[in-house]
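Content type compact mmCIF, C-alpha atoms and all ligand atoms, from the file my_file.txt:
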# COMPACT_ATOMS: atom_id res chain seq x y z
CA MET I 251 -12.78 71.21 11.31
CA SER I 252 -12.42 74.87 11.92
CA LEU I 253 -15.73 76.63 11.36
CA ASN I 254 -14.18 80.00 10.72
CA SER I 255 -11.07 80.36 8.63
CA ASP I 256 -8.85 83.44 8.30
CA ILE I 257 -8.09 82.42 4.72
CA GLU I 258 -9.80 85.01 2.51
CA TRP I 259 -11.19 82.60 -0.12
CA THR I 260 -12.81 80.00 2.12
CA ASP I 261 -15.25 79.68 5.04
CA ALA I 262 -13.85 76.71 6.89
CA THR I 263 -11.03 74.19 6.95
CA TRP I 264 -11.15 70.40 7.27
CA ASN I 265 -7.99 68.46 8.01
CA PRO I 266 -8.34 64.66 7.88
CA VAL I 267 -4.57 64.66 7.21
CA ARG I 268 -1.97 66.65 9.15
CA GLY I 269 1.61 67.39 8.22
CA CYS I 270 3.48 67.35 4.93
CA VAL I 271 6.84 67.16 3.15
CA LYS I 272 8.18 70.13 1.17
CA VAL I 273 8.35 69.74 -2.61
CA SER I 274 9.14 73.06 -4.29
CA PRO I 275 10.14 76.71 -3.66
CA GLY I 276 6.58 77.67 -2.74
CA CYS I 277 6.93 75.50 0.37
CA LYS I 278 9.90 77.47 1.76
CA HIS I 279 7.87 79.45 4.32
CA CYS I 280 4.95 77.02 4.61
CA TYR I 281 2.52 78.56 7.14
CA ALA I 282 1.21 75.12 8.09
CA GLU I 283 4.69 73.94 9.07
CA THR I 284 5.37 77.09 11.11
CA PHE I 285 2.06 76.68 12.95
CA ALA I 286 2.39 72.92 13.54
CA GLU I 287 5.99 73.01 14.75
CA ARG I 288 5.04 75.49 17.49
CA PHE I 289 3.20 72.64 19.20
CA ARG I 290 5.66 69.78 18.72
CA GLY I 291 5.91 67.87 21.96
CA VAL I 292 2.89 69.58 23.55
CA LYS I 293 1.04 66.59 25.03
CA GLY I 294 -2.53 66.19 23.80
CA HIS I 295 -2.30 68.99 21.21
CA PRO I 296 -3.47 68.09 17.67
CA TYR I 297 0.05 69.04 16.49
CA GLU I 298 1.93 67.21 19.24
CA GLN I 299 3.87 65.52 16.40
CA GLY I 300 4.67 68.85 14.75
CA PHE I 301 4.47 68.78 10.96
CA ASP I 302 5.10 65.02 10.64
CA LEU I 303 2.58 63.40 8.31
CA ARG I 304 -0.34 61.84 10.17
CA LEU I 305 -3.72 60.52 9.04
CA VAL I 306 -6.56 61.70 11.29
CA PRO I 307 -9.41 59.21 10.69
CA GLU I 308 -11.46 60.62 13.58
CA LYS I 309 -11.90 63.79 11.47
CA LEU I 310 -13.08 61.98 8.35
CA THR I 311 -16.84 62.34 8.81
CA GLU I 312 -16.79 65.84 10.29
CA PRO I 313 -18.42 67.61 7.30
CA LEU I 314 -21.46 65.34 7.73
CA SER I 315 -22.10 66.86 11.15
CA TRP I 316 -21.91 70.40 9.86
CA ARG I 317 -25.36 71.61 8.90
CA SER I 318 -25.03 74.98 7.18
CA PRO I 319 -23.45 74.90 3.69
CA LYS I 320 -19.85 76.08 3.68
CA LEU I 321 -16.91 76.56 1.37
CA VAL I 322 -14.46 74.07 2.85
CA PHE I 323 -10.70 74.16 2.24
CA VAL I 324 -9.64 70.51 2.43
CA ASN I 325 -6.32 69.87 4.18
CA SER I 326 -5.26 73.45 4.78
CA MET I 327 -2.52 71.95 6.98
CA SER I 328 -1.31 69.31 4.55
CA ASP I 329 -1.45 68.01 0.98
CA LEU I 330 -3.95 65.21 0.34
CA PHE I 331 -1.99 63.82 -2.62
CA GLN I 332 1.44 63.45 -1.02
CA PRO I 333 2.86 59.94 -1.40
CA GLY I 334 2.44 59.04 2.29
CA VAL I 335 -1.38 59.18 2.09
CA PRO I 336 -2.72 55.80 0.86
CA ASP I 337 -5.10 55.68 -2.11
CA ASP I 338 -7.83 54.11 0.02
CA TYR I 339 -7.67 56.99 2.48
CA VAL I 340 -7.85 59.58 -0.33
CA GLU I 341 -10.86 57.70 -1.68
CA THR I 342 -12.63 57.89 1.69
CA VAL I 343 -12.02 61.65 1.86
CA ALA I 344 -13.59 61.91 -1.61
CA GLN I 345 -16.56 59.78 -0.52
CA VAL I 346 -17.24 62.18 2.33
CA MET I 347 -17.12 65.16 -0.06
CA ALA I 348 -19.49 63.43 -2.49
CA THR I 349 -21.87 62.48 0.33
CA ALA I 350 -21.88 65.77 2.27
CA ASN I 351 -22.72 67.58 -0.95
CA TRP I 352 -24.35 70.63 0.64
CA HIS I 353 -20.81 71.92 1.14
CA THR I 354 -18.43 73.05 -1.61
CA TYR I 355 -14.90 71.68 -1.22
CA GLN I 356 -11.62 73.23 -2.36
CA VAL I 357 -8.90 70.59 -2.75
CA LEU I 358 -5.51 72.16 -3.45
CA THR I 359 -2.27 70.29 -4.14
CA LYS I 360 1.27 70.57 -5.40
CA ARG I 361 1.23 66.84 -6.26
CA SER I 362 -0.57 67.43 -9.53
CA GLU I 363 0.46 64.22 -11.27
CA ARG I 364 -1.09 62.06 -8.58
CA LEU I 365 -4.20 64.26 -8.64
CA ARG I 366 -4.50 63.72 -12.40
CA ASP I 367 -3.90 59.98 -12.21
CA ILE I 368 -6.26 59.25 -9.34
CA LEU I 369 -9.08 61.39 -10.79
CA HIS I 370 -8.84 59.20 -13.88
CA ALA I 371 -9.08 56.07 -11.72
CA LYS I 372 -10.37 55.57 -8.16
CA LEU I 373 -11.70 59.10 -7.80
CA ARG I 374 -13.57 59.20 -11.09
CA PHE I 375 -16.85 59.26 -9.13
CA ALA I 376 -15.76 62.50 -7.41
CA ALA I 377 -13.99 64.19 -10.33
CA GLU I 378 -17.08 65.56 -12.00
CA ARG I 379 -18.99 66.58 -8.89
CA GLU I 380 -19.80 70.27 -9.10
CA ASN I 381 -19.39 70.68 -5.34
CA ILE I 382 -15.73 69.60 -5.42
CA TRP I 383 -13.24 72.06 -6.86
CA TRP I 384 -9.82 70.59 -7.72
CA GLY I 385 -6.85 72.95 -7.71
CA VAL I 386 -3.09 73.20 -8.01
CA SER I 387 -0.62 75.66 -6.48
CA VAL I 388 1.60 77.57 -8.88
CA GLU I 389 4.43 79.68 -7.51
CA ASP I 390 6.82 79.91 -10.49
CA ARG I 391 7.40 78.76 -14.05
CA LYS I 392 9.66 75.79 -13.43
CA TYR I 393 7.67 73.90 -10.80
CA GLY I 394 4.28 75.57 -11.05
CA LEU I 395 3.36 75.81 -14.72
CA PRO I 396 3.56 72.05 -15.45
CA ARG I 397 0.98 71.53 -12.69
CA ILE I 398 -1.58 73.52 -14.73
CA ASP I 399 -1.26 71.06 -17.61
CA HIS I 400 -1.59 68.09 -15.24
CA LEU I 401 -4.76 69.64 -13.80
CA ARG I 402 -6.17 70.28 -17.26
CA ASP I 403 -5.55 66.62 -18.12
CA ALA I 404 -7.62 65.55 -15.10
CA PRO I 405 -11.33 64.87 -15.75
CA ALA I 406 -12.45 67.49 -13.21
CA LYS I 407 -15.65 69.49 -13.49
CA VAL I 408 -14.26 72.52 -11.63
CA ARG I 409 -10.53 73.29 -11.80
CA PHE I 410 -8.79 76.17 -10.05
CA LEU I 411 -5.34 77.69 -9.64
CA SER I 412 -3.81 79.18 -6.51
CA LEU I 413 -0.95 81.37 -7.73
CA GLU I 414 0.51 81.86 -4.27
CA PRO I 415 3.09 82.65 -3.12
CA LEU I 416 3.63 84.25 -6.52
CA LEU I 417 7.42 84.35 -6.92
CA GLU I 418 7.89 85.56 -10.49
CA ASP I 419 6.14 86.70 -13.64
CA LEU I 420 4.32 83.66 -15.03
CA GLY I 421 4.10 85.04 -18.58
CA GLU I 422 1.32 83.98 -20.90
CA LEU I 423 -1.10 81.55 -19.30
CA ASP I 424 -3.40 79.09 -21.01
CA LEU I 425 -6.50 79.23 -18.84
CA SER I 426 -8.65 76.97 -20.97
CA GLY I 427 -10.59 74.57 -18.75
CA ILE I 428 -9.81 76.61 -15.64
CA SER I 429 -12.78 77.93 -13.61
CA TRP I 430 -11.06 80.12 -11.03
CA VAL I 431 -7.74 81.88 -10.36
CA ILE I 432 -6.51 83.06 -6.94
CA VAL I 433 -3.40 85.25 -6.65
CA GLY I 434 -1.49 86.10 -3.50
CA GLY I 435 1.90 87.27 -2.29
CA GLU I 436 3.88 85.58 0.46
CA SER I 437 3.44 86.88 4.00
CA GLY I 438 5.30 86.64 7.29
CA PRO I 439 8.98 86.77 8.26
CA GLY I 440 11.28 86.57 5.24
CA ALA I 441 8.39 87.03 2.77
CA ARG I 442 9.60 87.16 -0.83
CA PRO I 443 8.24 90.23 -2.66
CA MET I 444 5.59 90.12 -5.39
CA LYS I 445 5.60 92.75 -8.14
CA LYS I 446 2.43 94.54 -9.20
CA GLY I 447 3.10 93.87 -12.88
CA TRP I 448 2.96 90.09 -12.33
CA VAL I 449 -0.48 90.42 -10.71
CA VAL I 450 -1.86 92.84 -13.30
CA SER I 451 -0.79 90.51 -16.08
CA ILE I 452 -2.70 87.61 -14.50
CA ARG I 453 -5.78 89.74 -13.79
CA ASP I 454 -5.87 90.96 -17.39
CA GLN I 455 -5.47 87.44 -18.77
CA CYS I 456 -8.33 86.28 -16.54
CA ARG I 457 -10.49 89.09 -17.95
CA GLU I 458 -9.58 88.23 -21.53
CA GLN I 459 -10.22 84.51 -21.00
CA ARG I 460 -13.32 85.11 -18.84
CA VAL I 461 -12.04 83.36 -15.75
CA PRO I 462 -13.13 84.56 -12.26
CA PHE I 463 -10.22 86.27 -10.49
CA PHE I 464 -9.65 86.50 -6.73
CA PHE I 465 -6.88 88.70 -5.38
CA LYS I 466 -6.08 87.42 -1.91
CA GLN I 467 -3.32 89.71 -0.65
CA TRP I 468 -0.12 91.60 -1.42
CA GLY I 469 1.52 89.84 1.52
CA GLY I 470 4.83 91.06 2.94
CA VAL I 471 6.29 90.93 6.41
CA ARG I 472 3.26 92.82 7.75
CA LYS I 473 0.53 91.75 5.38
CA GLY I 474 -2.17 93.82 7.15
CA ARG I 475 -0.41 97.01 6.09
CA ASN I 476 -0.32 96.06 2.43
CA GLY I 477 -3.93 94.95 2.17
CA ARG I 478 -5.60 93.31 -0.78
CA GLU I 479 -6.61 96.11 -3.12
CA LEU I 480 -5.39 96.17 -6.69
CA ASP I 481 -5.86 99.42 -8.61
CA GLY I 482 -8.11 100.82 -5.89
CA ARG I 483 -10.46 97.88 -5.39
CA THR I 484 -10.68 94.32 -4.19
CA HIS I 485 -11.20 91.43 -6.62
CA ASP I 486 -13.40 88.74 -5.07
CA GLU I 487 -14.79 86.67 -7.92
CA TYR I 488 -15.68 82.99 -7.51
CA PRO I 489 -16.96 80.19 -9.76
CA VAL I 490 -20.68 79.49 -9.63
CA ARG I 491 -21.61 77.43 -6.55
CA MET I 492 -24.21 74.67 -6.68
CA SER I 493 -26.60 74.19 -3.80
CA ALA I 494 -27.94 70.91 -2.45
CA PRO I 495 -30.49 70.29 0.32
CA VAL I 496 -29.17 69.51 3.79
CA PRO I 497 -30.50 66.10 4.94
CA ALA I 498 -32.08 65.60 8.36
CA GLU I 499 -29.77 64.68 11.23
CA GLU I 500 -30.77 61.00 11.16
CA MET I 501 -29.81 60.73 7.50
CA ARG I 502 -26.52 62.48 8.12
CA LEU I 503 -25.70 60.11 10.99
CA ALA I 504 -26.58 57.11 8.83
CA SER I 505 -24.26 58.42 6.11
CA ALA I 506 -21.45 58.83 8.65
CA ARG I 507 -21.96 55.23 9.82
CA GLY I 508 -21.84 54.12 6.17
CA ILE I 509 -18.52 55.91 5.68
CA TRP I 510 -17.10 54.35 8.84
CA ARG I 511 -17.92 50.87 7.54
CA THR I 512 -15.72 51.56 4.47
CA ILE I 513 -12.67 52.70 6.47
CA PRO I 514 -9.99 50.00 6.43
CA SER I 515 -9.12 48.99 10.03
S1 LIG I 601 2.86 71.21 -0.16
FE1 LIG I 601 1.72 72.81 0.94
S2 LIG I 601 1.41 71.96 3.01
FE2 LIG I 601 3.02 70.75 2.02
S3 LIG I 601 4.94 71.72 2.69
FE3 LIG I 601 4.36 72.60 0.70
S4 LIG I 601 3.22 74.47 1.21
FE4 LIG I 601 3.30 73.19 3.07
Let me see whether you can do it: turn the structure in this file into structure tokens.
Amino acid sequence: MSLNSDIEWTDATWNPVRGCVKVSPGCKHCYAETFAERFRGVKGHPYEQGFDLRLVPEKLTEPLSWRSPKLVFVNSMSDLFQPGVPDDYVETVAQVMATANWHTYQVLTKRSERLRDILHAKLRFAAERENIWWGVSVEDRKYGLPRIDHLRDAPAKVRFLSLEPLLEDLGELDLSGISWVIVGGESGPGARPMKKGWVVSIRDQCREQRVPFFFKQWGGVRKGRNGRELDGRTHDEYPVRMSAPVPAEEMRLASARGIWRTIPS
């Protein structure tokens, strides 16, 4: 777990899975791939295997050891719902989130059909937890918009959209059942541009439909220069966060041992 994240809309990252396989145009300049591939072959480095998919069971109980409540981005370096991650493993990740409930988790995926299906089945116990926010990435109309309908069909208490990297005007959005919208442009070498009109349209629709709106960044090759103001101000709205008491260390250790007993060997 990384206690401090540079990602504007979270506090920390937790990666019980590393690596991924690209699925749609939003993956073209995947920052996680760029980062991971820098360390391929570096002996002993967490990304010694580059961006190849790998389960990291030794990270599973990490949130239980973390005392102060955090907003935790789950699998910032992967996608929990990709086909190579077994259902049982996904279920254990969800058990940790349900148990370490003094944190709020942000689970973001492009595999929205599996998210929908598993929240209806094995993950039903986690779907309606207020401390777990379930989200989909939407970069364009063709690949991204259907994911919103899949998410809406999932029995989640808190649903969110990450419209990043925003690659085109998304048109009229149905935000019913959606609790939070994040918008961001692509950054880094080869970044594809994002037009102001696309962002304004989403912000205005969020206002009309009373959905919290978070503007992450304009992006660009040098994202620091372009900043994150829209019409002279930042937009940093979030859904309401629930709070839960933090158990004593002994209880947290006992919970971690309980989780370990459920992990298939
Ligand atoms: S789904 Fe996410 S983590 Fe996986 S390749 Fe695409 S952008 Fe990267």
Exercise. Between I:Val386, I:Leu420, I:Ile257, I:Met347, which has the minimum distance to ligand LIG 601 (chain I) (counting only C-alpha atoms and all ligand atoms)?
Worked result: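 Going through I:Val386, I:Leu420, I:Ile257, I:Met347 one by one, the smallest distance to ligand LIG 601 (chain I) is for I:Val386.
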Proximity of chain I to ligand LIG 601 (chain I): per-residue shortest pair, 10 Å limit, only C-alpha atoms and all ligand atoms, as a Markdown table:
| residue | atom | partner | partner_atom | distance |
| --- | --- | --- | --- | --- |
| I:Arg268 | CA | I:LIG601 | S2 | 8.8 |
| I:Gly269 | CA | I:LIG601 | S2 | 6.9 |
| I:Cys270 | CA | I:LIG601 | FE2 | 4.5 |
| I:Val271 | CA | I:LIG601 | S3 | 5.0 |
| I:Lys272 | CA | I:LIG601 | S3 | 3.9 |
| I:Val273 | CA | I:LIG601 | FE3 | 5.9 |
| I:Ser274 | CA | I:LIG601 | FE3 | 6.9 |
| I:Pro275 | CA | I:LIG601 | FE3 | 8.3 |
| I:Gly276 | CA | I:LIG601 | S4 | 6.1 |
| I:Cys277 | CA | I:LIG601 | FE3 | 3.9 |
| I:Lys278 | CA | I:LIG601 | S4 | 7.3 |
| I:His279 | CA | I:LIG601 | S4 | 7.5 |
| I:Cys280 | CA | I:LIG601 | FE4 | 4.4 |
| I:Tyr281 | CA | I:LIG601 | FE4 | 6.8 |
| I:Ala282 | CA | I:LIG601 | FE4 | 5.8 |
| I:Glu283 | CA | I:LIG601 | FE4 | 6.2 |
| I:Thr284 | CA | I:LIG601 | FE4 | 9.2 |
| I:Phe301 | CA | I:LIG601 | S3 | 8.8 |
| I:Leu303 | CA | I:LIG601 | FE2 | 9.7 |
| I:Asn325 | CA | I:LIG601 | S2 | 8.1 |
| I:Ser326 | CA | I:LIG601 | S2 | 7.1 |
| I:Met327 | CA | I:LIG601 | S2 | 5.6 |
| I:Ser328 | CA | I:LIG601 | S2 | 4.1 |
| I:Asp329 | CA | I:LIG601 | S2 | 5.3 |
| I:Leu330 | CA | I:LIG601 | S2 | 9.0 |
| I:Phe331 | CA | I:LIG601 | S1 | 9.2 |
| I:Gln332 | CA | I:LIG601 | S1 | 7.9 |
| I:Leu358 | CA | I:LIG601 | FE1 | 8.5 |
| I:Thr359 | CA | I:LIG601 | S1 | 6.6 |
| I:Lys360 | CA | I:LIG601 | S1 | 5.5 |
| I:Arg361 | CA | I:LIG601 | S1 | 7.7 |
| I:Ser387 | CA | I:LIG601 | FE1 | 8.3 |
| I:Glu414 | CA | I:LIG601 | S4 | 9.6 |
| I:Pro415 | CA | I:LIG601 | S4 | 9.3 |
Problem set entry | Contacts of Ile513 in chain I within 9 Å, only C-alpha atoms, excl. fewer than 5 positions in-chain, as a list in words |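 Using only C-alpha atoms, the neighbours found are Pro307, Asp338, Tyr339 and Thr342 of chain I.
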For this session: Give the answer as one residue: which of I:Gly421, I:Gly427, I:Gly440, I:Gly482 has the shortest atom-to-atom distance to Leu401 in chain I, using only C-alpha atoms?
Result: I:Gly427
For this session: For Leu423 in chain I, please output as number ranges by chain all residues within 10 Å (counting only C-alpha atoms; exclusion window: fewer than 2 positions along the same chain).
Result: I: 395, 398, 420-421, 425-426, 451-452, 455-456, 459
Problem set entry | Given only C-alpha atoms as the counted atoms, nearest of I:Ile382, I:Val388, I:Ile432, I:Ala371 to Ala404 in chain I |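 Checking each candidate against Ala404 in chain I, we get I:Ala371 as the closest.
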Can you list every residue of range 330-377 of chain I that has an atom at most 12 Å from range 408-412 of chain I, with its nearest atom pair and the distance in Å to one decimal, using only C-alpha atoms, ordered by chain then number, as CSV?
residue,atom,partner,partner_atom,distance
I:Thr354,CA,I:Val408,CA,10.9
I:Tyr355,CA,I:Val408,CA,10.5
I:Gln356,CA,I:Phe410,CA,8.7
I:Val357,CA,I:Phe410,CA,9.2
I:Leu358,CA,I:Ser412,CA,7.8
I:Thr359,CA,I:Ser412,CA,9.3
I:Lys360,CA,I:Ser412,CA,10.1
I:Ser362,CA,I:Leu411,CA,11.3
I:Leu365,CA,I:Arg409,CA,11.5
I:Arg366,CA,I:Arg409,CA,11.3
I:Ala376,CA,I:Val408,CA,11.0
I:Ala377,CA,I:Val408,CA,8.4
Exercise. Distance CA of Glu458 in chain I-CA of Val490 in chain I, one decimal place?
Worked result: 18.5 Å
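Checking I:Gly291, I:Ser255, I:Ile368, I:Phe285 one by one against Pro336 in chain I, counting only C-alpha atoms, you find the shortest gap at I:Ile368.
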For this session: Show which residues sit within 9 Å of range 503-506 of chain I, as a ChimeraX atom specification. Count all atoms listed in the file, and ignore same-chain residues fewer than 2 positions away.
Result: /I:310-312,314-315,346,349-350,498-501,508-511
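All residues of protein, DNA or RNA that reach within 10 Å of Gly477 in chain I, judged by only C-alpha atoms and not counting those fewer than 6 positions away in the chain, are Lys466, Gln467, Trp468, Gly469, Gly470 and Thr484 of chain I.
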Problem set entry | Pairwise distance for CA of Val324 in chain I and CA of Glu363 in chain I, rounded to one decimal in Å | 18.1 Å
Could you give me range 253-285 of chain I completed to N, CA and C atoms, formatted as a short mmCIF file (atom, residue, chain, number, x, y, z; two decimals), in the coordinates of the input?
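result03.cif was written with the following content:
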data_model
loop_
_atom_site.label_atom_id
_atom_site.label_comp_id
_atom_site.auth_asym_id
_atom_site.auth_seq_id
_atom_site.Cartn_x
_atom_site.Cartn_y
_atom_site.Cartn_z
N LEU I 253 -14.55 76.03 11.99
CA LEU I 253 -15.73 76.63 11.36
C LEU I 253 -15.44 77.98 10.73
N ASN I 254 -14.50 78.69 11.29
CA ASN I 254 -14.18 80.00 10.72
C ASN I 254 -12.72 80.02 10.34
N SER I 255 -12.45 80.32 9.07
CA SER I 255 -11.07 80.36 8.63
C SER I 255 -10.66 81.81 8.37
N ASP I 256 -9.37 82.10 8.62
CA ASP I 256 -8.85 83.44 8.30
C ASP I 256 -8.47 83.53 6.82
N ILE I 257 -8.48 82.41 6.13
CA ILE I 257 -8.09 82.42 4.72
C ILE I 257 -9.21 83.11 3.93
N GLU I 258 -8.83 84.10 3.13
CA GLU I 258 -9.80 85.01 2.51
C GLU I 258 -10.77 84.31 1.57
N TRP I 259 -10.36 83.20 0.94
CA TRP I 259 -11.19 82.60 -0.12
C TRP I 259 -11.94 81.37 0.32
N THR I 260 -12.06 81.16 1.64
CA THR I 260 -12.81 80.00 2.12
C THR I 260 -13.58 80.36 3.38
N ASP I 261 -14.51 79.45 3.80
CA ASP I 261 -15.25 79.68 5.04
C ASP I 261 -14.68 78.87 6.19
N ALA I 262 -14.21 77.67 5.84
CA ALA I 262 -13.85 76.71 6.89
C ALA I 262 -12.74 75.80 6.39
N THR I 263 -12.08 75.15 7.33
CA THR I 263 -11.03 74.19 6.95
C THR I 263 -11.35 72.82 7.54
N TRP I 264 -10.92 71.79 6.84
CA TRP I 264 -11.15 70.40 7.27
C TRP I 264 -9.86 69.64 7.03
N ASN I 265 -9.32 69.07 8.09
CA ASN I 265 -7.99 68.46 8.01
C ASN I 265 -7.99 66.99 8.43
N PRO I 266 -8.45 66.08 7.56
CA PRO I 266 -8.34 64.66 7.88
C PRO I 266 -6.91 64.13 7.72
N VAL I 267 -6.01 64.98 7.25
CA VAL I 267 -4.57 64.66 7.21
C VAL I 267 -3.85 65.86 7.83
N ARG I 268 -2.80 65.57 8.61
CA ARG I 268 -1.97 66.65 9.15
C ARG I 268 -0.52 66.40 8.78
N GLY I 269 0.19 67.50 8.50
CA GLY I 269 1.61 67.39 8.22
C GLY I 269 1.91 67.13 6.76
N CYS I 270 3.14 67.43 6.35
CA CYS I 270 3.48 67.35 4.93
C CYS I 270 4.99 67.33 4.76
N VAL I 271 5.42 67.13 3.51
CA VAL I 271 6.84 67.16 3.15
C VAL I 271 6.99 68.20 2.04
N LYS I 272 8.02 69.05 2.14
CA LYS I 272 8.18 70.13 1.17
C LYS I 272 8.58 69.59 -0.21
N VAL I 273 8.05 70.24 -1.26
CA VAL I 273 8.35 69.74 -2.61
C VAL I 273 8.92 70.78 -3.56
N SER I 274 8.71 72.06 -3.30
CA SER I 274 9.14 73.06 -4.29
C SER I 274 9.30 74.42 -3.60
N PRO I 275 9.83 75.43 -4.32
CA PRO I 275 10.14 76.71 -3.66
C PRO I 275 8.95 77.36 -2.95
N GLY I 276 7.75 77.10 -3.40
CA GLY I 276 6.58 77.67 -2.74
C GLY I 276 6.41 77.19 -1.31
N CYS I 277 7.05 76.08 -0.98
CA CYS I 277 6.93 75.50 0.37
C CYS I 277 7.89 76.15 1.37
N LYS I 278 8.80 77.00 0.90
CA LYS I 278 9.90 77.47 1.76
C LYS I 278 9.40 78.01 3.11
N HIS I 279 8.39 78.87 3.08
CA HIS I 279 7.87 79.45 4.32
C HIS I 279 6.47 78.92 4.61
N CYS I 280 6.28 77.63 4.45
CA CYS I 280 4.95 77.02 4.61
C CYS I 280 4.32 77.42 5.96
N TYR I 281 3.16 78.09 5.90
CA TYR I 281 2.52 78.56 7.14
C TYR I 281 2.07 77.38 8.00
N ALA I 282 1.69 76.28 7.34
CA ALA I 282 1.21 75.12 8.09
C ALA I 282 2.34 74.52 8.93
N GLU I 283 3.53 74.47 8.33
CA GLU I 283 4.69 73.94 9.07
C GLU I 283 5.01 74.84 10.27
N THR I 284 5.04 76.15 10.03
CA THR I 284 5.37 77.09 11.11
C THR I 284 4.38 76.92 12.26
N PHE I 285 3.08 76.83 11.91
CA PHE I 285 2.06 76.68 12.95
C PHE I 285 2.24 75.35 13.68
#
